[in-house]
Amino acid sequence: MPKHGIAAYYLPEHREEPKILTTEADVDDMFDTLLEDDLHGVQLFSLTRPNLPAGWPDHELIAGVRRDRKAGVLSSLDADCDPVGHVVSVGNMELGRGPVNYTVGDSVHDFPLFSEISIEAVRQGVKEFVVSGGKRPTCVEWDDPGVWD
């Protein structure tokens with residue numbers, strides 16, 4: 001596996017060999033697949049960032065898109081950012097905490113309803129993640145996901 005770029009897991013074959021994203025065009029191609037095949041999400045890790053002592057990445061970005069809702073979500077886990085830890089994108093806080101479901105790989109993830117943003121904002125966030133080498137995107141607002149109502 002290359003030592004640069006972003007490892008993306010969104011198709012079954014990516015369990016063994018992730019798709020490597022290095023450009024904004026790669027992100028656009030991935031989003032075309034996600035939206036054409038009605039796949040909900042992708043798990044992303046930078047290949048240039050260090051791993052924790054146990055061998056796990058020190059970060060994670062999940063991007064979800066739902067064609068049926070015309071919306072998406074971003075979820076970031078990163079100890080080097082403010083706010084620290086697990087955060088989700090912020091769309092409309094008046095919508096409450098949800099939950100709304102997105103499928104990533106074989107797992108269904110619950111997100112607070114307020115975390116839904118436009119699909120284009122999700123796409124832009126993933127592009128920023130790729131171009132920055134795996135830093136939490138700054139083009140969206142972030143908040144603690146909290147506890148579901």
# chains A, B, ... in the order shown; residues from 1 in each chain; ligands from 1
>>> select_by_dssp(residues="chain A", states="alpha helix (DSSP H)", output="short mmCIF file (atom, residue, chain, number, x, y, z; two decimals) with C-alpha atoms, in the first residue's frame")
data_model
loop_
_atom_site.label_atom_id
_atom_site.label_comp_id
_atom_site.auth_asym_id
_atom_site.auth_seq_id
_atom_site.Cartn_x
_atom_site.Cartn_y
_atom_site.Cartn_z
CA GLU A 24 -9.95 16.21 -5.66
CA ALA A 25 -10.83 14.34 -8.87
CA ASP A 26 -10.46 11.06 -6.93
CA VAL A 27 -12.97 12.39 -4.40
CA ASP A 28 -15.41 13.33 -7.17
CA ASP A 29 -15.12 9.83 -8.66
CA MET A 30 -15.78 8.28 -5.25
CA PHE A 31 -18.85 10.49 -4.68
CA ASP A 32 -20.18 9.53 -8.13
CA THR A 33 -19.98 5.87 -7.06
CA LEU A 34 -21.55 6.55 -3.66
CA LEU A 35 -24.48 8.39 -5.21
CA GLU A 36 -24.97 6.10 -8.23
CA ILE A 119 -24.00 16.62 -0.08
CA GLU A 120 -21.79 19.31 -1.64
CA ALA A 121 -20.59 20.39 1.83
CA VAL A 122 -19.71 16.75 2.60
CA ARG A 123 -17.85 16.47 -0.71
CA GLN A 124 -15.94 19.70 0.03
CA GLY A 125 -15.02 18.41 3.49
CA VAL A 126 -13.61 15.18 2.06
CA LYS A 127 -11.66 17.13 -0.55
CA GLU A 128 -10.15 19.27 2.21
CA PHE A 129 -9.28 16.11 4.19
CA VAL A 130 -7.48 14.66 1.13
CA VAL A 131 -5.64 17.85 0.16
#
>>> residues_around(residues="A:Gly85", least_positions_apart="4", cutoff="10 Å", atoms="only C-alpha atoms", output="JSON, numbers by chain")
{"A": [59, 76, 77, 78, 79, 80, 81, 144]}
>>> closest_residue(among="A:Glu60, A:Arg66, A:Pro145, A:Thr48", to="A:Gly96", atoms="only C-alpha atoms")
A:Pro145
>>> atom_distance(atom1="atom CA of A:Leu74", atom2="atom CA of A:His86")
10.7 Å
>>> atom_distance(atom1="atom CA of A:Tyr9", atom2="atom CA of A:Ala54")
20.7 Å
>>> select_by_dssp(residues="chain A", states="strand (DSSP E or B)", output="count of residues only")
49
>>> residues_around(residues="A:Asp38", least_positions_apart="6", cutoff="12 Å", atoms="only C-alpha atoms", output="number ranges by chain")
A: 10-11, 30-32, 64-70, 102-104
>>> closest_residue(among="A:Arg49, A:His40, A:Arg136, A:His109", to="A:Val87", atoms="only C-alpha atoms")
A:Arg136
>>> residues_around(residues="A:Ser46", least_positions_apart="5", cutoff="8 Å", atoms="only C-alpha atoms", output="PDB file with C-alpha atoms, in the first residue's frame")
ATOM      1  CA  HIS A   4       0.759   8.815   0.935  1.00  0.00           C
ATOM      2  CA  GLY A   5      -2.823   9.725   0.208  1.00  0.00           C
ATOM      3  CA  ILE A   6      -6.058   8.785   1.926  1.00  0.00           C
ATOM      4  CA  ALA A   7      -7.241   5.191   2.341  1.00  0.00           C
ATOM      5  CA  VAL A 130      -7.484  14.664   1.132  1.00  0.00           C
ATOM      6  CA  GLY A 133      -3.136  15.058   4.275  1.00  0.00           C
ATOM      7  CA  GLY A 134      -5.774  14.001   6.785  1.00  0.00           C
TER       8      GLY A 134
END
>>> closest_residue(among="A:Pro50, A:Gly41, A:Gly91, A:Gly55", to="A:Ile117", atoms="only C-alpha atoms")
A:Gly91
>>> closest_residue(among="A:Val90, A:Gln43, A:Asp143, A:Ser132", to="A:Ala71", atoms="only C-alpha atoms")
A:Val90
